[in-house]
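**Q** So that you have it, the file is input-v8.cif, and it contains mmCIF, C-alpha atoms and all ligand atoms:
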data_final
#
loop_
_atom_site.label_atom_id
_atom_site.label_comp_id
_atom_site.auth_asym_id
_atom_site.auth_seq_id
_atom_site.Cartn_x
_atom_site.Cartn_y
_atom_site.Cartn_z
CA MET A 1 61.32 85.42 118.45
CA LYS A 2 62.56 86.26 114.96
CA LYS A 3 65.91 88.05 114.98
CA PRO A 4 66.15 91.43 113.20
CA ALA A 5 67.65 91.24 109.71
CA ILE A 6 70.86 93.00 108.67
CA LEU A 7 73.04 93.15 105.56
CA VAL A 8 76.80 92.79 105.54
CA ALA A 9 77.52 94.48 102.22
CA ARG A 10 80.95 92.98 101.51
CA ALA A 11 82.93 89.88 102.45
CA ILE A 12 84.03 89.94 106.06
CA PHE A 13 85.89 87.83 108.65
CA PRO A 14 83.99 84.61 109.58
CA GLU A 15 84.35 85.50 113.28
CA THR A 16 82.64 88.85 112.69
CA LEU A 17 79.78 87.08 110.89
CA ALA A 18 79.52 84.58 113.75
CA HIS A 19 79.41 87.46 116.27
CA LEU A 20 76.65 89.21 114.30
CA SER A 21 74.69 85.98 113.80
CA GLN A 22 74.21 85.66 117.58
CA HIS A 23 71.96 88.74 117.39
CA PHE A 24 70.71 89.01 113.80
CA GLU A 25 69.51 87.20 110.70
CA VAL A 26 72.56 88.02 108.58
CA ASP A 27 72.49 88.36 104.80
CA SER A 28 76.17 88.56 103.92
CA ASN A 29 77.82 89.20 100.58
CA GLN A 30 80.64 86.70 101.11
CA ALA A 31 81.00 86.50 97.31
CA ASP A 32 82.32 90.07 97.71
CA ASP A 33 80.59 91.39 94.58
CA VAL A 34 80.64 95.19 94.64
CA LEU A 35 76.91 95.99 94.66
CA SER A 36 75.57 98.71 92.36
CA ALA A 37 73.37 101.38 93.97
CA ALA A 38 70.27 99.54 92.65
CA GLU A 39 71.49 96.16 93.95
CA LEU A 40 72.35 97.60 97.36
CA THR A 41 68.95 99.31 97.60
CA GLN A 42 67.26 96.04 96.70
CA ARG A 43 69.36 93.87 99.01
CA LEU A 44 68.61 96.21 101.95
CA GLN A 45 64.85 95.59 101.68
CA GLY A 46 63.57 94.39 105.06
CA LYS A 47 66.94 95.05 106.79
CA VAL A 48 67.19 97.29 109.85
CA GLY A 49 70.97 97.52 109.81
CA ALA A 50 73.90 97.35 107.42
CA LEU A 51 77.65 96.94 107.73
CA THR A 52 79.28 98.81 104.85
CA THR A 53 82.75 99.69 103.60
CA GLY A 54 83.91 102.84 101.83
CA SER A 55 82.67 101.35 98.52
CA GLU A 56 78.93 101.60 99.35
CA ARG A 57 77.18 104.95 98.97
CA ILE A 58 74.37 105.71 101.42
CA ASP A 59 72.27 108.57 100.06
CA SER A 60 68.73 109.90 100.23
CA ALA A 61 67.44 107.78 97.29
CA LEU A 62 68.60 104.59 99.02
CA LEU A 63 67.22 105.76 102.38
CA GLN A 64 63.82 106.63 100.89
CA ALA A 65 63.59 103.17 99.35
CA ASN A 66 64.45 101.60 102.73
CA PRO A 67 62.43 103.41 105.41
CA GLN A 68 62.87 100.42 107.79
CA LEU A 69 66.66 101.02 108.00
CA LYS A 70 67.90 102.17 111.43
CA ILE A 71 71.70 102.05 111.34
CA VAL A 72 74.53 101.86 108.83
CA ALA A 73 77.91 100.99 110.38
CA ASN A 74 80.87 101.84 108.16
CA MET A 75 83.97 99.68 108.47
CA ALA A 76 86.20 102.71 107.90
CA VAL A 77 87.15 105.84 109.78
CA GLY A 78 86.39 107.95 106.69
CA PHE A 79 82.71 108.31 105.88
CA ASN A 80 82.51 110.38 102.71
CA ASN A 81 80.41 107.52 101.24
CA PHE A 82 77.66 108.57 103.69
CA ASP A 83 75.30 111.50 103.21
CA VAL A 84 75.18 112.08 106.98
CA PRO A 85 72.59 114.91 106.95
CA ALA A 86 70.27 112.72 104.82
CA MET A 87 70.78 109.83 107.25
CA THR A 88 70.05 112.06 110.25
CA ALA A 89 66.86 113.36 108.60
CA ALA A 90 65.80 109.80 107.71
CA GLY A 91 66.29 108.67 111.32
CA VAL A 92 69.27 106.45 110.47
CA LEU A 93 72.29 106.27 112.75
CA ALA A 94 75.70 106.47 111.05
CA SER A 95 78.84 105.07 112.68
CA ASN A 96 82.50 104.70 111.71
CA THR A 97 85.60 102.97 113.14
CA PRO A 98 87.94 105.59 114.64
CA ASP A 99 91.03 104.87 116.77
CA VAL A 100 91.41 101.16 116.01
CA LEU A 101 93.27 101.90 112.76
CA THR A 102 95.27 104.98 113.77
CA GLU A 103 98.70 103.49 114.43
CA THR A 104 98.54 100.94 111.58
CA THR A 105 97.58 103.65 109.10
CA ALA A 106 100.30 105.97 110.43
CA ASP A 107 102.82 103.11 109.95
CA PHE A 108 101.76 102.81 106.33
CA GLY A 109 101.87 106.57 105.78
CA PHE A 110 105.44 106.48 106.99
CA ALA A 111 106.19 103.45 104.80
CA LEU A 112 105.01 105.44 101.76
CA VAL A 113 107.15 108.44 102.78
CA MET A 114 110.18 106.14 102.96
CA ALA A 115 109.39 104.23 99.76
CA THR A 116 108.73 107.44 97.84
CA ALA A 117 111.76 109.36 99.08
CA ARG A 118 114.13 106.40 98.66
CA ARG A 119 112.66 105.22 95.33
CA VAL A 120 111.99 101.69 96.60
CA THR A 121 109.49 100.51 93.99
CA GLU A 122 111.04 102.39 91.07
CA SER A 123 114.38 100.68 91.71
CA GLU A 124 112.72 97.31 92.22
CA HIS A 125 111.01 97.58 88.81
CA PHE A 126 114.43 98.35 87.28
CA LEU A 127 115.94 95.30 88.94
CA ARG A 128 113.06 92.97 87.99
CA ALA A 129 113.32 94.18 84.39
CA GLY A 130 116.89 92.83 84.31
CA LYS A 131 118.38 96.32 83.88
CA TRP A 132 120.81 96.12 86.82
CA THR A 133 124.17 95.40 85.20
CA LYS A 134 126.52 97.51 87.36
CA TRP A 135 126.70 99.66 90.49
CA SER A 136 126.94 103.40 89.94
CA TYR A 137 127.51 106.26 92.37
CA ASP A 138 124.17 108.01 91.84
CA MET A 139 121.94 105.06 91.00
CA PHE A 140 118.44 105.78 92.31
CA ALA A 141 119.77 108.52 94.56
CA GLY A 142 116.76 109.64 96.57
CA ALA A 143 115.85 112.30 99.09
CA GLU A 144 116.95 112.22 102.74
CA VAL A 145 114.24 111.28 105.22
CA HIS A 146 116.04 111.65 108.57
CA GLY A 147 116.58 115.26 109.54
CA SER A 148 114.40 116.59 106.72
CA THR A 149 111.19 118.65 107.05
CA MET A 150 107.88 116.81 106.93
CA GLY A 151 104.71 118.82 106.24
CA ILE A 152 101.46 117.17 107.29
CA ILE A 153 98.15 118.47 105.97
CA GLY A 154 95.33 117.21 108.21
CA MET A 155 96.49 116.79 111.81
CA GLY A 156 93.91 114.38 113.22
CA ARG A 157 94.83 111.18 115.03
CA ILE A 158 96.59 109.61 112.03
CA GLY A 159 98.46 112.82 111.18
CA GLN A 160 99.64 113.04 114.78
CA GLY A 161 100.84 109.42 114.61
CA ILE A 162 102.89 110.20 111.50
CA ALA A 163 104.28 113.35 113.17
CA ARG A 164 105.44 111.34 116.19
CA ARG A 165 107.14 108.77 113.98
CA GLY A 166 108.91 111.50 112.00
CA ALA A 167 109.97 113.68 114.92
CA LEU A 168 110.85 111.01 117.48
CA GLY A 169 112.08 108.23 115.20
CA PHE A 170 113.75 110.09 112.36
CA GLY A 171 114.68 113.45 113.86
CA MET A 172 112.51 115.27 111.33
CA LYS A 173 111.30 118.81 111.70
CA VAL A 174 107.50 118.52 111.57
CA ILE A 175 105.24 121.32 110.35
CA TYR A 176 101.50 120.92 109.87
CA HIS A 177 98.43 122.64 108.55
CA ASN A 178 94.94 121.85 109.82
CA ARG A 179 91.51 123.46 110.06
CA SER A 180 92.27 124.19 113.70
CA GLN A 181 95.56 124.45 115.55
CA LEU A 182 96.35 121.65 118.06
CA SER A 183 96.57 122.42 121.77
CA PRO A 184 100.07 123.48 122.92
CA GLN A 185 100.29 120.14 124.78
CA LEU A 186 99.54 118.05 121.67
CA GLU A 187 101.90 120.20 119.57
CA ALA A 188 104.65 119.53 122.12
CA GLU A 189 103.91 115.77 122.16
CA CYS A 190 104.07 115.59 118.36
CA LYS A 191 106.94 118.12 118.18
CA ALA A 192 104.95 119.83 115.41
CA SER A 193 104.52 123.51 114.53
CA TYR A 194 101.48 125.02 112.87
CA VAL A 195 102.09 126.88 109.57
CA SER A 196 99.94 128.18 106.70
CA LYS A 197 99.27 125.78 103.84
CA GLU A 198 101.39 127.95 101.55
CA GLU A 199 104.39 127.95 103.90
CA LEU A 200 104.08 124.19 104.34
CA LEU A 201 104.07 123.57 100.59
CA LYS A 202 107.01 125.90 100.03
CA THR A 203 109.23 124.53 102.80
CA ALA A 204 108.46 120.83 103.34
CA ASP A 205 110.72 118.15 101.90
CA HIS A 206 107.97 115.56 102.28
CA VAL A 207 104.29 116.53 102.19
CA VAL A 208 101.81 114.01 103.66
CA LEU A 209 98.04 114.31 103.19
CA VAL A 210 95.78 112.92 105.91
CA VAL A 211 92.80 115.26 105.59
CA PRO A 212 89.21 113.88 105.47
CA TYR A 213 87.45 114.24 102.12
CA SER A 214 84.69 116.86 101.81
CA ALA A 215 83.58 119.44 99.25
CA GLU A 216 85.99 121.89 100.94
CA SER A 217 88.98 119.54 100.82
CA HIS A 218 88.40 118.51 97.16
CA HIS A 219 91.64 119.10 95.23
CA THR A 220 93.52 120.43 98.28
CA ILE A 221 96.53 119.75 96.03
CA GLY A 222 96.20 120.85 92.40
CA ALA A 223 98.46 122.43 89.79
CA LYS A 224 98.83 125.65 91.79
CA GLU A 225 99.86 123.89 95.01
CA LEU A 226 102.23 121.52 93.19
CA GLY A 227 103.82 124.63 91.70
CA LEU A 228 104.62 125.91 95.20
CA MET A 229 106.47 122.72 96.22
CA LYS A 230 110.25 122.30 95.96
CA PRO A 231 111.44 120.39 92.89
CA THR A 232 113.14 117.96 95.30
CA ALA A 233 109.98 117.43 97.41
CA THR A 234 107.77 114.32 97.63
CA LEU A 235 104.00 114.07 98.13
CA VAL A 236 102.14 111.23 99.88
CA ASN A 237 98.35 110.80 99.83
CA ILE A 238 96.85 108.28 102.27
CA ALA A 239 93.69 110.37 102.79
CA ARG A 240 91.12 109.93 100.01
CA GLY A 241 90.93 110.08 96.26
CA GLY A 242 89.90 113.59 95.25
CA ILE A 243 92.13 115.33 97.81
CA VAL A 244 94.73 115.46 95.02
CA ASP A 245 94.01 116.42 91.42
CA ASP A 246 95.54 113.22 90.01
CA ALA A 247 95.75 114.57 86.44
CA ALA A 248 97.70 117.64 87.63
CA LEU A 249 99.94 115.40 89.77
CA ALA A 250 100.74 113.06 86.86
CA LYS A 251 101.76 116.11 84.81
CA ALA A 252 103.91 117.50 87.63
CA LEU A 253 105.64 114.12 88.09
CA ALA A 254 106.27 113.71 84.36
CA ALA A 255 107.77 117.22 84.22
CA ARG A 256 109.79 116.54 87.43
CA GLN A 257 108.18 119.61 88.94
CA ILE A 258 108.29 117.59 92.18
CA ALA A 259 110.58 114.60 92.74
CA ALA A 260 108.13 111.81 93.48
CA ALA A 261 104.76 110.83 94.95
CA GLY A 262 103.33 107.92 96.94
CA LEU A 263 99.61 107.26 96.55
CA ASP A 264 97.35 104.81 98.36
CA VAL A 265 94.10 106.46 97.24
CA PHE A 266 92.91 107.70 93.85
CA GLU A 267 90.19 109.72 92.17
CA GLY A 268 87.63 107.19 90.90
CA GLU A 269 89.40 104.19 92.49
CA PRO A 270 89.73 101.31 91.83
CA ALA A 271 90.20 102.93 88.41
CA LEU A 272 93.38 105.00 88.09
CA ASN A 273 94.24 107.99 85.97
CA PRO A 274 96.22 106.17 83.22
CA GLU A 275 98.80 108.97 83.18
CA LEU A 276 99.89 107.94 86.70
CA LEU A 277 100.81 104.49 85.39
CA LYS A 278 103.13 106.04 82.80
CA VAL A 279 105.36 107.95 85.23
CA PRO A 280 108.13 106.05 87.03
CA ASN A 281 108.49 108.37 90.01
CA VAL A 282 105.31 107.34 91.80
CA VAL A 283 104.69 104.55 94.32
CA LEU A 284 101.17 103.15 93.86
CA THR A 285 99.32 100.95 96.36
CA PRO A 286 95.65 99.80 96.27
CA HIS A 287 94.13 101.53 99.34
CA ILE A 288 95.81 99.26 101.90
CA ALA A 289 96.95 101.71 104.60
CA SER A 290 94.81 100.06 107.31
CA SER A 291 95.41 96.54 106.04
CA THR A 292 96.85 94.29 108.70
CA ILE A 293 94.78 91.35 109.84
CA GLN A 294 94.65 92.64 113.43
CA THR A 295 93.49 96.12 112.41
CA ARG A 296 90.99 95.03 109.76
CA LEU A 297 89.55 92.58 112.30
CA ALA A 298 89.33 95.33 114.93
CA MET A 299 87.56 97.57 112.38
CA ALA A 300 85.09 94.82 111.45
CA GLN A 301 84.39 93.98 115.08
CA LEU A 302 83.86 97.65 115.99
CA ALA A 303 81.43 98.06 113.08
CA ALA A 304 79.62 94.89 114.23
CA ASP A 305 79.57 96.10 117.84
CA ASN A 306 78.01 99.38 116.70
CA LEU A 307 75.19 97.42 115.03
CA ILE A 308 74.70 95.21 118.08
CA ALA A 309 74.82 98.07 120.61
CA TYR A 310 72.45 100.30 118.66
CA LEU A 311 69.92 97.66 117.66
CA THR A 312 69.83 95.90 121.05
CA LYS A 313 70.46 98.78 123.50
CA GLY A 314 69.70 101.94 121.51
CA SER A 315 73.15 103.54 121.63
CA ALA A 316 76.13 103.02 119.33
CA LEU A 317 79.80 103.02 120.42
CA THR A 318 81.16 105.43 117.80
CA PRO A 319 78.19 107.32 116.33
CA LEU A 320 78.56 110.09 113.75
CA ASN A 321 75.10 111.60 114.16
CA GLN A 322 72.05 111.79 116.35
CA PRO A 323 69.25 110.63 114.07
CA GLN A 324 65.86 112.27 114.16
CA ALA A 325 63.03 110.05 115.40
CA LYS A 326 61.63 107.83 112.64
CA ALA A 327 58.42 109.20 111.14
C1 LIG Q 1 89.35 101.29 104.65
C2 LIG Q 1 89.87 103.77 105.00
O1 LIG Q 1 90.11 100.18 104.34
O2 LIG Q 1 89.13 103.74 107.23
C3 LIG Q 1 89.18 104.35 106.17
O3 LIG Q 1 88.67 105.49 106.06
O4 LIG Q 1 90.08 104.41 104.04
C4 LIG Q 1 90.35 102.35 105.02
O5 LIG Q 1 90.86 102.04 106.27
C5 LIG Q 1 88.40 101.53 103.52
O6 LIG Q 1 87.72 102.74 103.59
C6 LIG Q 1 87.38 100.39 103.43
O7 LIG Q 1 86.24 100.61 104.19
#
Would it be possible to restate this file's structure as structure tokens?
Ligand code: 8YV

**A**
Amino acid sequence: MKKPAILVARAIFPETLAHLSQHFEVDSNQADDVLSAAELTQRLQGKVGALTTGSERIDSALLQANPQLKIVANMAVGFNNFDVPAMTAAGVLASNTPDVLTETTADFGFALVMATARRVTESEHFLRAGKWTKWSYDMFAGAEVHGSTMGIIGMGRIGQGIARRGALGFGMKVIYHNRSQLSPQLEAECKASYVSKEELLKTADHVVLVVPYSAESHHTIGAKELGLMKPTATLVNIARGGIVDDAALAKALAARQIAAAGLDVFEGEPALNPELLKVPNVVLTPHIASSTIQTRLAMAQLAADNLIAYLTKGSALTPLNQPQAKA
């Protein structure tokens, strides 16, 4: 019997491809070309499933052109590249990869807090440029991390992981703002207190953004919010491009309205607002918060297992919707 056909939209681990090939005819983009919307639509012809990353947009035009599609499994916990209501209406299951990346991403969030507060990359650039000729008492003096106040916006699993690291490992006072308040038990475990967004911005020494992207969370941090922060404060964004108004942030950094920022995600990435490249007080990384081999492999395997479970047994492991029956 002919195996069902699927598309793996980007390059992936050979073991994940081998796993998928046991069940499917796999068309894989091992060349890792980023497919345009038209190319993706075309390449999906005849495919019942797809494994995507955050770079592929699944919208109603693509779904209409591919009525045979049954599942799209995102290799990411975030899924703002999916139009989930359109997928539900088109009878297409959407899945993501929660949990497997939580601790790794929290580690990286904390790494950015440390690097930003203690000016790790800024001082390295100085050293590499041959500018280090003598020691001086205030050279690259940064902000304290231990014992300071960390404000987390978005207190899901990754936010909670960062809170635990801050409170238990670094003796930080942790405050957070979220759509809904955590249970008293979770608040106690994370040693975190709920505050308004305004209070968080006014009082935190280090603000960390871990909120999912949506129309409501667009520009959660803009000129107004940056204006509320302390001039000594730092801002870290490991959530999504678009959560921060990058143009407003570049201005605030240039004017030293806040001390520094650490960014792993950007509006319009992989392109960057050129103003961000001009300011020294920002740590910039190319969307790598989940990038360890173990975690990326776990994400790929979970995405693959969603495809296998749904297409062979009719139920996915980590579904995001309950698709309507196919017309
Ligand atoms: C991914 C991420 O690397 O999981 C997410 O939401 O942002 C990252 O872990 C990226 O989205 C590629 O799919």

**Q** Please provide the set of residues having any atom within 10 Å of Arg157 (chain A), restricted to only C-alpha atoms, with same-chain residues fewer than 4 positions apart removed, written as a count of residues only.

**A** 11

**Q** Which residue out of A:Trp135, A:Phe140, A:Phe79, A:Phe126 has the minimum interatomic distance to ligand LIG 1 (chain Q) when all atoms listed in the file are used?

**A**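 So, comparing all the options, the nearest one is A:Phe79.
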
**Q** Could you report the residues within 6 Å of ligand LIG 1 (chain Q), using all atoms listed in the file, as a VMD selection string?

**A** chain A and resid 53 to 54 75 to 78 290

**Q** What is the distance between CA of Asn273 (chain A) and CA of Val236 (chain A), in Å to one decimal?

**A**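 Distance between the two atoms: 16.3 Å.
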
**Q** For Tyr176 (chain A), work out the shell of residues within 8 Å, counting all atoms listed in the file and skipping chain neighbours fewer than 4 positions away, then give it as a list in words.

**A**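 That gives Gly151, Ile152, Ile153, Gly154, Met155, Ala192, Ser193, Tyr194, Val195 and Leu200 of chain A.
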
**Q** Just the residues within 10 Å of Ala90 (chain A), please, counting only C-alpha atoms, with nothing from its chain fewer than 4 positions along; format it as a PyMOL selection string.

**A** chain A and resi 60+63-64+66-70+84-86+323-327

**Q** Nearest to Val120 (chain A): which of A:Ala94, A:Ala255, A:Ile221, A:Ala260 is it, counting only C-alpha atoms?

**A** A:Ala260

**Q** What separation in Å, quoted to one decimal, exists between CA of His23 (chain A) and CA of Ile308 (chain A)?

**A**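 Interatomic distance here is 7.1 Å.
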
**Q** Which distance in Å separates CA of Pro14 (chain A) and CA of Thr295 (chain A), to one decimal?

**A** 15.2 Å

**Q** Which of these, A:Tyr213, A:Ala250, A:Gly49, A:Leu297, has the shortest distance to Phe13 (chain A) once you count only C-alpha atoms?

**A**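 Nearest candidate to Phe13 (chain A) out of A:Tyr213, A:Ala250, A:Gly49, A:Leu297: A:Leu297.
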
**Q** Name the residues in contact with region 17-20 of chain A at a cut-off of 12 Å, using all atoms listed in the file, excluding same-chain residues fewer than 6 positions from it; report them as a count of residues only.

**A** 30

**Q** Given the choices A:Leu317, A:Leu226, A:Ile258, A:Leu209, which gets closest to Asn178 (chain A) if the distance is worked out from all atoms listed in the file?

**A**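 Of all the options, A:Leu209 lies closest to Asn178 (chain A).
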
**Q** Closest to Ala111 (chain A) among A:Val211, A:Asp264, A:Ile58, A:Leu272, using all atoms listed in the file?

**A** A:Asp264

**Q** Skipping near chain neighbours, those fewer than 5 positions away, what residues fall within 8 Å of Gly147 (chain A) using only C-alpha atoms, listed as a PyMOL selection string?

**A** chain A and resi 170-173

**Q** Using only C-alpha atoms, can you list as a PyMOL selection string the residues within 9 Å of (88.6, 117.5, 90.0)?

**A** chain A and resi 218-219+222+242-247+267

**Q** Determine the nearest neighbour of Ala298 (chain A) from the options A:Lys230, A:Ala143, A:Leu127, A:Val100, counting only C-alpha atoms.

**A**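 So, comparing all the options, the nearest one is A:Val100.
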
**Q** For region 114-119 of chain A, take all atoms listed in the file, fit an axis-aligned box around them, add 3 Å to each of the six sides, then output centre and edge lengths in Å rounded to one decimal, as lines of an AutoDock Vina configuration file.

**A**
center_x = 111.4
center_y = 106.8
center_z = 99.1
size_x = 11.4
size_y = 11.1
size_z = 13.6

**Q** Please fill the gaps in region 118-128 of chain A so it has all heavy atoms, and write that as an mmCIF file, keeping the file's coordinate frame.

**A**
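Printed below is out_23.cif as written:
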data_model
loop_
_atom_site.group_PDB
_atom_site.id
_atom_site.type_symbol
_atom_site.label_atom_id
_atom_site.label_comp_id
_atom_site.auth_asym_id
_atom_site.auth_seq_id
_atom_site.Cartn_x
_atom_site.Cartn_y
_atom_site.Cartn_z
ATOM 1 N N ARG A 118 112.963 107.240 98.957
ATOM 2 C CA ARG A 118 114.130 106.400 98.660
ATOM 3 C C ARG A 118 113.933 105.519 97.416
ATOM 4 O O ARG A 118 114.727 104.646 97.140
ATOM 5 C CB ARG A 118 114.507 105.580 99.894
ATOM 6 C CG ARG A 118 114.881 106.438 101.107
ATOM 7 C CD ARG A 118 116.044 107.397 100.813
ATOM 8 N NE ARG A 118 117.170 106.699 100.238
ATOM 9 C CZ ARG A 118 118.120 106.072 100.942
ATOM 10 N NH1 ARG A 118 118.082 106.141 102.254
ATOM 11 N NH2 ARG A 118 119.089 105.429 100.345
ATOM 12 N N ARG A 119 112.877 105.802 96.669
ATOM 13 C CA ARG A 119 112.660 105.220 95.330
ATOM 14 C C ARG A 119 112.636 103.688 95.367
ATOM 15 O O ARG A 119 113.191 103.016 94.486
ATOM 16 C CB ARG A 119 113.723 105.759 94.374
ATOM 17 C CG ARG A 119 113.717 107.288 94.374
ATOM 18 C CD ARG A 119 114.820 107.891 93.551
ATOM 19 N NE ARG A 119 114.639 107.656 92.128
ATOM 20 C CZ ARG A 119 115.481 108.135 91.191
ATOM 21 N NH1 ARG A 119 116.515 108.863 91.559
ATOM 22 N NH2 ARG A 119 115.278 107.879 89.923
ATOM 23 N N VAL A 120 111.967 103.146 96.375
ATOM 24 C CA VAL A 120 111.990 101.690 96.600
ATOM 25 C C VAL A 120 111.348 100.921 95.435
ATOM 26 O O VAL A 120 111.947 99.978 94.908
ATOM 27 C CB VAL A 120 111.318 101.340 97.948
ATOM 28 C CG1 VAL A 120 111.152 99.836 98.101
ATOM 29 C CG2 VAL A 120 112.129 101.889 99.115
ATOM 30 N N THR A 121 110.151 101.316 95.032
ATOM 31 C CA THR A 121 109.490 100.510 93.990
ATOM 32 C C THR A 121 110.071 100.787 92.608
ATOM 33 O O THR A 121 110.185 99.883 91.784
ATOM 34 C CB THR A 121 107.963 100.715 93.982
ATOM 35 O OG1 THR A 121 107.672 102.104 93.816
ATOM 36 C CG2 THR A 121 107.333 100.228 95.264
ATOM 37 N N GLU A 122 110.451 102.029 92.365
ATOM 38 C CA GLU A 122 111.040 102.390 91.070
ATOM 39 C C GLU A 122 112.312 101.554 90.833
ATOM 40 O O GLU A 122 112.532 101.010 89.741
ATOM 41 C CB GLU A 122 111.363 103.884 91.096
ATOM 42 C CG GLU A 122 111.776 104.459 89.778
ATOM 43 C CD GLU A 122 112.205 105.933 89.913
ATOM 44 O OE1 GLU A 122 112.102 106.513 91.014
ATOM 45 O OE2 GLU A 122 112.664 106.477 88.903
ATOM 46 N N SER A 123 113.133 101.446 91.868
ATOM 47 C CA SER A 123 114.380 100.680 91.710
ATOM 48 C C SER A 123 114.100 99.183 91.627
ATOM 49 O O SER A 123 114.796 98.450 90.922
ATOM 50 C CB SER A 123 115.367 101.011 92.835
ATOM 51 O OG SER A 123 114.806 100.704 94.085
ATOM 52 N N GLU A 124 113.053 98.731 92.307
ATOM 53 C CA GLU A 124 112.720 97.310 92.220
ATOM 54 C C GLU A 124 112.263 96.956 90.790
ATOM 55 O O GLU A 124 112.630 95.912 90.247
ATOM 56 C CB GLU A 124 111.635 96.922 93.231
ATOM 57 C CG GLU A 124 111.401 95.415 93.205
ATOM 58 C CD GLU A 124 110.243 94.920 94.050
ATOM 59 O OE1 GLU A 124 109.743 95.671 94.896
ATOM 60 O OE2 GLU A 124 109.839 93.770 93.836
ATOM 61 N N HIS A 125 111.452 97.838 90.196
ATOM 62 C CA HIS A 125 111.010 97.580 88.810
ATOM 63 C C HIS A 125 112.206 97.481 87.872
ATOM 64 O O HIS A 125 112.251 96.632 86.987
ATOM 65 C CB HIS A 125 110.063 98.699 88.334
ATOM 66 C CG HIS A 125 108.756 98.690 89.038
ATOM 67 N ND1 HIS A 125 108.032 99.824 89.303
ATOM 68 C CD2 HIS A 125 108.034 97.663 89.567
ATOM 69 C CE1 HIS A 125 106.940 99.498 89.966
ATOM 70 N NE2 HIS A 125 106.915 98.199 90.132
ATOM 71 N N PHE A 126 113.194 98.341 88.082
ATOM 72 C CA PHE A 126 114.430 98.350 87.280
ATOM 73 C C PHE A 126 115.145 97.004 87.430
ATOM 74 O O PHE A 126 115.545 96.374 86.447
ATOM 75 C CB PHE A 126 115.271 99.526 87.798
ATOM 76 C CG PHE A 126 116.679 99.617 87.308
ATOM 77 C CD1 PHE A 126 116.975 100.304 86.136
ATOM 78 C CD2 PHE A 126 117.720 99.057 88.040
ATOM 79 C CE1 PHE A 126 118.281 100.418 85.706
ATOM 80 C CE2 PHE A 126 119.029 99.172 87.610
ATOM 81 C CZ PHE A 126 119.308 99.855 86.436
ATOM 82 N N LEU A 127 115.243 96.561 88.672
ATOM 83 C CA LEU A 127 115.940 95.300 88.940
ATOM 84 C C LEU A 127 115.189 94.112 88.319
ATOM 85 O O LEU A 127 115.764 93.272 87.640
ATOM 86 C CB LEU A 127 116.065 95.131 90.457
ATOM 87 C CG LEU A 127 116.804 93.915 90.995
ATOM 88 C CD1 LEU A 127 117.426 94.282 92.354
ATOM 89 C CD2 LEU A 127 115.880 92.731 91.179
ATOM 90 N N ARG A 128 113.866 94.081 88.529
ATOM 91 C CA ARG A 128 113.060 92.970 87.990
ATOM 92 C C ARG A 128 113.111 92.933 86.467
ATOM 93 O O ARG A 128 112.958 91.875 85.861
ATOM 94 C CB ARG A 128 111.602 93.107 88.430
ATOM 95 C CG ARG A 128 111.356 92.693 89.861
ATOM 96 C CD ARG A 128 109.870 92.864 90.157
ATOM 97 N NE ARG A 128 109.562 92.624 91.549
ATOM 98 C CZ ARG A 128 109.253 91.415 92.050
ATOM 99 N NH1 ARG A 128 109.205 90.367 91.260
ATOM 100 N NH2 ARG A 128 108.982 91.282 93.323
#
